[in-house]
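Colleague: Let me give you the structure first, and then I'll get to my questions.
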Amino acid sequence: MVTEQDVSNAVVELLRKTVVKLPKDVEDALRKAYASETDEVPKMQLKAIVDNIDMAIKGNTPMCQDTGVTIFYAYLPKDCKVDVEKGIVEGVRKATKEVPLRPNAVHPITRKNPGDNVGEKMPYINWRIHDKDYIEITVMTKGAGSENMSQLSMLTPSQGLKGIKEFVLNAVLRAGSNPCPPTILGVGIGGSSDIAMKLAKEALLRPINQRHKDPEIAKLETELLEAINMLGIGPMGLGGKTTCLGLNIEYAYCHTASLPVGLNVQCWAGRHGTVRIMPNGKTAYPSHEG
Amino acid sequence: MPKKIKTPLSEADARALKAGETVYMDGIVLTGRDEVHIHALEYLEKGKKIPVEFKGAALFHCGPIMKKVGDKWVAVAAGPTTSSRMNSLEPGFIEKFRPGAIIGKGGMSQPTVDAMKKFGCIYLAFTGGAAVLAAKGIKSVEGVEWFELGMPEAIWILNCDNFGPLTVAIDAHGNSLFADVNVKIKENEKKARAKLGLS
């Protein structure tokens, strides 16, 4: 029987792995970018990044001081009996102390910091039920520098594909050096205002070297990425070839009178991780194997 | 060879550096972001005592992760935060407190570039997210002030040794690497728009 304690222990370990080591697709993209830059300034920025990746792993230390706020995606078996929410909240509390994570979560108006990353609706958990016998928990530790550059636009249907391209390009230009480029971009098209933003964030969970299964969407992903990398914003906005490491799109059907588009901006440290908790309490971390 | 600089910085020290140079820093570095700027300016206005000396200081836009080991604080991860959040506060801060250097990421807007030119201050860019590399340059944590603002917003007094690499991104002569890049981006934007079939 899986207990709340099992969940919280798994979440502590999940958070530790997530803030210390990047998913392989992101790390590979950064190393490739470092190899491809030729000018001194962008090369030095990327060297600092890849050196930092190695140092974080070696020291089992968070790679960035901004360990974000914790956004969870929990998939439960149909007959789940354990209080997964309590386990996640307790896990965040413990991880804040033990990893450690920076206490980032504050009251939105008073700015009071409880010091443990737990408060009203934080950690935020997206719930789903799946057809498996294990609990699967994914976490995204999202820093504020990049999240602050995220945007929503309620386009009119007549603005169409051009409007979507215009929106993404303008948002990247406006973000400029602020979101710690080279960035990863998640684009959510359709649904409704909230769904477009949710899809934009979830798009960041797909490996950046994996294109959308719909060939038209896949083509748009590639086209937007190539155009953005023509801008020359470069690593940290100091100029260079690499402005964006990857761009993923997710879409949903929407109202005939609407065209919502959401953009979620992720810094180079695109941290997310997944744990599976088996019925016997054993854990596996498919995002951080090897 | 990258230059070495040591805090506190005199106005002449700051003016001797040129945009595009790489430097490493020794000496005391003070962290300060949104709340420190707001508080310091408020304290000054009310005539209340500020617990640190900002004159000639290196002010680091950073909210670190600190860990208490025994009775001492240790910097775990200490990369820069987005400097543009302080755009509206920095010109006033530079005028009133005269720091020698601001360390951050992403650059700052024209009024700050102007204040740096007028009062002799530089902006040093540290690679965003490279927080373990930054912590390596922090020899010890000498103390903390305004801790009640929370760990990310407090003033951490850091004793640094070979802290860097830092890129002089805005110098005290009105030059900004970010402004130079922006000129190129404007040009490149046309090509990107053409690729996307946008007019």
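In the structure tokens, chains take letters A, B, ... by order of appearance, with residues numbered from 1 within each chain and ligands from 1 in the order shown.
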Using only C-alpha atoms, what table do you get, as JSON lines, when you list each residue of chain B with an atom no more than 9 Å from chain A, its nearest pair of atoms, and their distance in Å rounded to one decimal, rows by chain then rising number?
Modeller:
{"residue": "B:Gly20", "atom": "CA", "partner": "A:Val41", "partner_atom": "CA", "distance": 8.1}
{"residue": "B:Cys62", "atom": "CA", "partner": "A:Gln65", "partner_atom": "CA", "distance": 8.6}
{"residue": "B:Gly63", "atom": "CA", "partner": "A:Gln65", "partner_atom": "CA", "distance": 7.2}
{"residue": "B:Pro64", "atom": "CA", "partner": "A:Gln65", "partner_atom": "CA", "distance": 5.5}
{"residue": "B:Ile65", "atom": "CA", "partner": "A:Arg102", "partner_atom": "CA", "distance": 5.2}
{"residue": "B:Met66", "atom": "CA", "partner": "A:Arg102", "partner_atom": "CA", "distance": 7.9}
{"residue": "B:Lys67", "atom": "CA", "partner": "A:Pro100", "partner_atom": "CA", "distance": 7.6}
{"residue": "B:Val76", "atom": "CA", "partner": "A:Thr61", "partner_atom": "CA", "distance": 7.0}
{"residue": "B:Ala77", "atom": "CA", "partner": "A:Gln65", "partner_atom": "CA", "distance": 4.7}
{"residue": "B:Ala78", "atom": "CA", "partner": "A:Gln65", "partner_atom": "CA", "distance": 5.4}
{"residue": "B:Gly79", "atom": "CA", "partner": "A:Gln65", "partner_atom": "CA", "distance": 6.1}
{"residue": "B:Pro80", "atom": "CA", "partner": "A:Gln65", "partner_atom": "CA", "distance": 8.5}
{"residue": "B:Thr81", "atom": "CA", "partner": "A:Gly145", "partner_atom": "CA", "distance": 7.1}
{"residue": "B:Thr82", "atom": "CA", "partner": "A:Gly145", "partner_atom": "CA", "distance": 5.9}
{"residue": "B:Ser83", "atom": "CA", "partner": "A:Asn178", "partner_atom": "CA", "distance": 8.0}
{"residue": "B:Ser84", "atom": "CA", "partner": "A:Asn178", "partner_atom": "CA", "distance": 7.3}
{"residue": "B:Lys105", "atom": "CA", "partner": "A:Met236", "partner_atom": "CA", "distance": 7.2}
{"residue": "B:Gly106", "atom": "CA", "partner": "A:Ser177", "partner_atom": "CA", "distance": 4.7}
{"residue": "B:Gly107", "atom": "CA", "partner": "A:Ser177", "partner_atom": "CA", "distance": 7.4}
{"residue": "B:Ala125", "atom": "CA", "partner": "A:Met236", "partner_atom": "CA", "distance": 8.7}
{"residue": "B:Phe126", "atom": "CA", "partner": "A:Gln45", "partner_atom": "CA", "distance": 8.4}
{"residue": "B:Thr127", "atom": "CA", "partner": "A:Gln45", "partner_atom": "CA", "distance": 5.8}
{"residue": "B:Gly128", "atom": "CA", "partner": "A:Cys180", "partner_atom": "CA", "distance": 5.7}
{"residue": "B:Gly129", "atom": "CA", "partner": "A:Cys64", "partner_atom": "CA", "distance": 4.7}
{"residue": "B:Ala130", "atom": "CA", "partner": "A:Asn52", "partner_atom": "CA", "distance": 5.4}
{"residue": "B:Ala131", "atom": "CA", "partner": "A:Cys64", "partner_atom": "CA", "distance": 4.8}
{"residue": "B:Val132", "atom": "CA", "partner": "A:Asn52", "partner_atom": "CA", "distance": 5.9}
{"residue": "B:Leu133", "atom": "CA", "partner": "A:Asn52", "partner_atom": "CA", "distance": 5.5}
{"residue": "B:Ala134", "atom": "CA", "partner": "A:Asn52", "partner_atom": "CA", "distance": 8.8}
{"residue": "B:Leu149", "atom": "CA", "partner": "A:Asn113", "partner_atom": "CA", "distance": 8.1}
{"residue": "B:Gly150", "atom": "CA", "partner": "A:Asn113", "partner_atom": "CA", "distance": 6.3}
{"residue": "B:Met151", "atom": "CA", "partner": "A:Pro103", "partner_atom": "CA", "distance": 7.1}
{"residue": "B:Pro152", "atom": "CA", "partner": "A:Arg102", "partner_atom": "CA", "distance": 7.4}
{"residue": "B:Pro165", "atom": "CA", "partner": "A:Ala48", "partner_atom": "CA", "distance": 8.1}
{"residue": "B:Thr167", "atom": "CA", "partner": "A:Val41", "partner_atom": "CA", "distance": 8.3}
{"residue": "B:Ala169", "atom": "CA", "partner": "A:Leu238", "partner_atom": "CA", "distance": 8.3}
{"residue": "B:Leu177", "atom": "CA", "partner": "A:Leu238", "partner_atom": "CA", "distance": 6.7}
{"residue": "B:Phe178", "atom": "CA", "partner": "A:Leu238", "partner_atom": "CA", "distance": 6.1}
{"residue": "B:Asp180", "atom": "CA", "partner": "A:Leu238", "partner_atom": "CA", "distance": 8.9}
{"residue": "B:Val181", "atom": "CA", "partner": "A:Gly239", "partner_atom": "CA", "distance": 5.7}
{"residue": "B:Asn182", "atom": "CA", "partner": "A:Ile233", "partner_atom": "CA", "distance": 7.8}
{"residue": "B:Lys184", "atom": "CA", "partner": "A:Gly232", "partner_atom": "CA", "distance": 7.2}
{"residue": "B:Ile185", "atom": "CA", "partner": "A:Leu231", "partner_atom": "CA", "distance": 5.4}
{"residue": "B:Lys186", "atom": "CA", "partner": "A:Leu231", "partner_atom": "CA", "distance": 8.1}
{"residue": "B:Glu187", "atom": "CA", "partner": "A:Leu231", "partner_atom": "CA", "distance": 8.3}
{"residue": "B:Asn188", "atom": "CA", "partner": "A:Leu231", "partner_atom": "CA", "distance": 5.1}
{"residue": "B:Glu189", "atom": "CA", "partner": "A:Leu231", "partner_atom": "CA", "distance": 5.7}
{"residue": "B:Lys190", "atom": "CA", "partner": "A:Leu231", "partner_atom": "CA", "distance": 8.9}
{"residue": "B:Lys191", "atom": "CA", "partner": "A:Met230", "partner_atom": "CA", "distance": 7.3}
{"residue": "B:Ala192", "atom": "CA", "partner": "A:Ala227", "partner_atom": "CA", "distance": 4.7}
{"residue": "B:Arg193", "atom": "CA", "partner": "A:Ala227", "partner_atom": "CA", "distance": 7.4}
{"residue": "B:Ala194", "atom": "CA", "partner": "A:Ala227", "partner_atom": "CA", "distance": 8.9}
{"residue": "B:Lys195", "atom": "CA", "partner": "A:Ala227", "partner_atom": "CA", "distance": 6.4}
{"residue": "B:Leu196", "atom": "CA", "partner": "A:Ala227", "partner_atom": "CA", "distance": 6.9}
{"residue": "B:Gly197", "atom": "CA", "partner": "A:Lys162", "partner_atom": "CA", "distance": 7.7}
{"residue": "B:Leu198", "atom": "CA", "partner": "A:Lys162", "partner_atom": "CA", "distance": 6.8}
Colleague: Using only C-alpha atoms, find the one residue out of B:Phe60, B:Phe93, B:Trp73, B:Tyr123 that sits nearest to Ile28 (chain B).
Modeller: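 Answer, going by the shortest atom-to-atom distance: B:Phe60.
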Colleague: Which residues are close to Gly92 (chain B), i.e. within 9 Å by only C-alpha atoms, leaving aside same-chain residues fewer than 6 positions away? Reply as JSON, numbers by chain.
Modeller: {"B": [41, 112, 115]}
Colleague: What does the distance from CA of Arg128 (chain A) to CA of Tyr73 (chain A) come to in Å, to one decimal?
Modeller: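 So the answer is 7.6 Å.
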Colleague: Fewer than 6 positions away in the same chain doesn't count, so skip those; otherwise give me all residues within 9 Å of Lys72 (chain B), counting only C-alpha atoms, as an mmCIF file with N, CA and C atoms, in the first residue's frame.
Modeller:
data_model
loop_
_atom_site.group_PDB
_atom_site.id
_atom_site.type_symbol
_atom_site.label_atom_id
_atom_site.label_comp_id
_atom_site.auth_asym_id
_atom_site.auth_seq_id
_atom_site.Cartn_x
_atom_site.Cartn_y
_atom_site.Cartn_z
ATOM 1 N N SER B 140 33.058 33.644 1.372
ATOM 2 C CA SER B 140 32.328 33.502 2.627
ATOM 3 C C SER B 140 31.178 34.497 2.670
ATOM 4 N N VAL B 141 30.209 34.202 3.518
ATOM 5 C CA VAL B 141 29.088 35.111 3.738
ATOM 6 C C VAL B 141 29.380 35.851 5.033
ATOM 7 N N GLU B 142 29.582 37.168 4.901
ATOM 8 C CA GLU B 142 30.000 37.951 6.068
ATOM 9 C C GLU B 142 28.840 38.325 6.967
ATOM 10 N N GLY B 143 27.646 38.314 6.408
ATOM 11 C CA GLY B 143 26.497 38.654 7.238
ATOM 12 C C GLY B 143 25.264 38.864 6.397
#
Colleague: Mind listing the strand (DSSP E) residues of region 158-212 of chain A, per DSSP on the backbone, as a PDB file with N, CA and C atoms, in the first residue's frame?
Modeller:
ATOM      1  N   THR A 183      16.131  30.508 -24.793  1.00  0.00           N
ATOM      2  CA  THR A 183      14.896  30.082 -24.149  1.00  0.00           C
ATOM      3  C   THR A 183      14.337  28.813 -24.795  1.00  0.00           C
ATOM      4  N   ILE A 184      13.292  28.305 -24.157  1.00  0.00           N
ATOM      5  CA  ILE A 184      12.449  27.277 -24.754  1.00  0.00           C
ATOM      6  C   ILE A 184      11.045  27.884 -24.743  1.00  0.00           C
ATOM      7  N   LEU A 185      10.337  27.769 -25.854  1.00  0.00           N
ATOM      8  CA  LEU A 185       9.023  28.406 -25.921  1.00  0.00           C
ATOM      9  C   LEU A 185       7.920  27.363 -26.031  1.00  0.00           C
ATOM     10  N   GLY A 186       6.892  27.558 -25.218  1.00  0.00           N
ATOM     11  CA  GLY A 186       5.700  26.724 -25.282  1.00  0.00           C
ATOM     12  C   GLY A 186       4.557  27.580 -25.810  1.00  0.00           C
ATOM     13  N   VAL A 187       3.916  27.115 -26.881  1.00  0.00           N
ATOM     14  CA  VAL A 187       2.826  27.882 -27.471  1.00  0.00           C
ATOM     15  C   VAL A 187       1.542  27.051 -27.378  1.00  0.00           C
ATOM     16  N   GLY A 188       0.497  27.674 -26.855  1.00  0.00           N
ATOM     17  CA  GLY A 188      -0.808  27.019 -26.778  1.00  0.00           C
ATOM     18  C   GLY A 188      -1.770  27.730 -27.702  1.00  0.00           C
ATOM     19  N   ILE A 189      -2.353  27.002 -28.627  1.00  0.00           N
ATOM     20  CA  ILE A 189      -3.265  27.628 -29.596  1.00  0.00           C
ATOM     21  C   ILE A 189      -4.659  27.044 -29.399  1.00  0.00           C
ATOM     22  N   GLY A 190      -5.650  27.924 -29.298  1.00  0.00           N
ATOM     23  CA  GLY A 190      -7.038  27.492 -29.217  1.00  0.00           C
ATOM     24  C   GLY A 190      -7.516  27.249 -27.802  1.00  0.00           C
TER      25      GLY A 190
END
Colleague: What's the 10 Å shell around Pro51 (chain B), counting only C-alpha atoms, without same-chain residues fewer than 6 positions away, as number ranges by chain?
Modeller: B: 40, 144-146, 155
Colleague: So that I have them on file, write out the residues from the current selection with C-alpha atoms, as a compact mmCIF listing (two decimals), in the first residue's frame.
Modeller:
# COMPACT_ATOMS: atom_id res chain seq x y z
CA ALA B 40 16.89 51.82 1.04
CA VAL B 144 22.92 39.41 6.36
CA GLU B 145 20.82 42.56 6.87
CA TRP B 146 17.08 43.10 6.46
CA ILE B 155 20.97 42.14 1.82
Colleague: Enter the distance from CA of Lys86 (chain A) to CA of His130 (chain A), in Å, rounded to one decimal.
Modeller: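 Interatomic distance here is 19.6 Å.
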Colleague: List every residue of region 20-163 of chain A that DSSP, applied to the backbone, labels as alpha helix (DSSP H), and write the result as a ChimeraX atom specification.
Modeller: /A:20,24-36,40-59,84-98,144-147,160-163
Colleague: For Gly120 (chain B), find every residue with an atom within 7 Å (counting only C-alpha atoms), except residues of its own chain fewer than 6 positions away, and show them as a list in words.
Modeller: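 Once the adjacent positions are removed, what remains is Glu11, Ala14, Arg15, Gly100 and Ala172 of chain B.
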Colleague: Tell me, in Å to one decimal, how far CA of Asn162 (chain B) is from CA of Glu35 (chain B).
Modeller: 27.4 Å
Colleague: Near Gly56 (chain B), counting only C-alpha atoms, which residues have an atom at most 8 Å away, once you skip same-chain residues fewer than 4 positions from it, shown as an NGL selection string?
Modeller: :B and (7-11 or 98-101)
Colleague: Nearest residue to Gly137 (chain B) out of B:Asp26, B:Glu95, B:Asp171, B:Glu21, using only C-alpha atoms?
Modeller: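 Smallest separation from Gly137 (chain B) among the options: B:Asp26.
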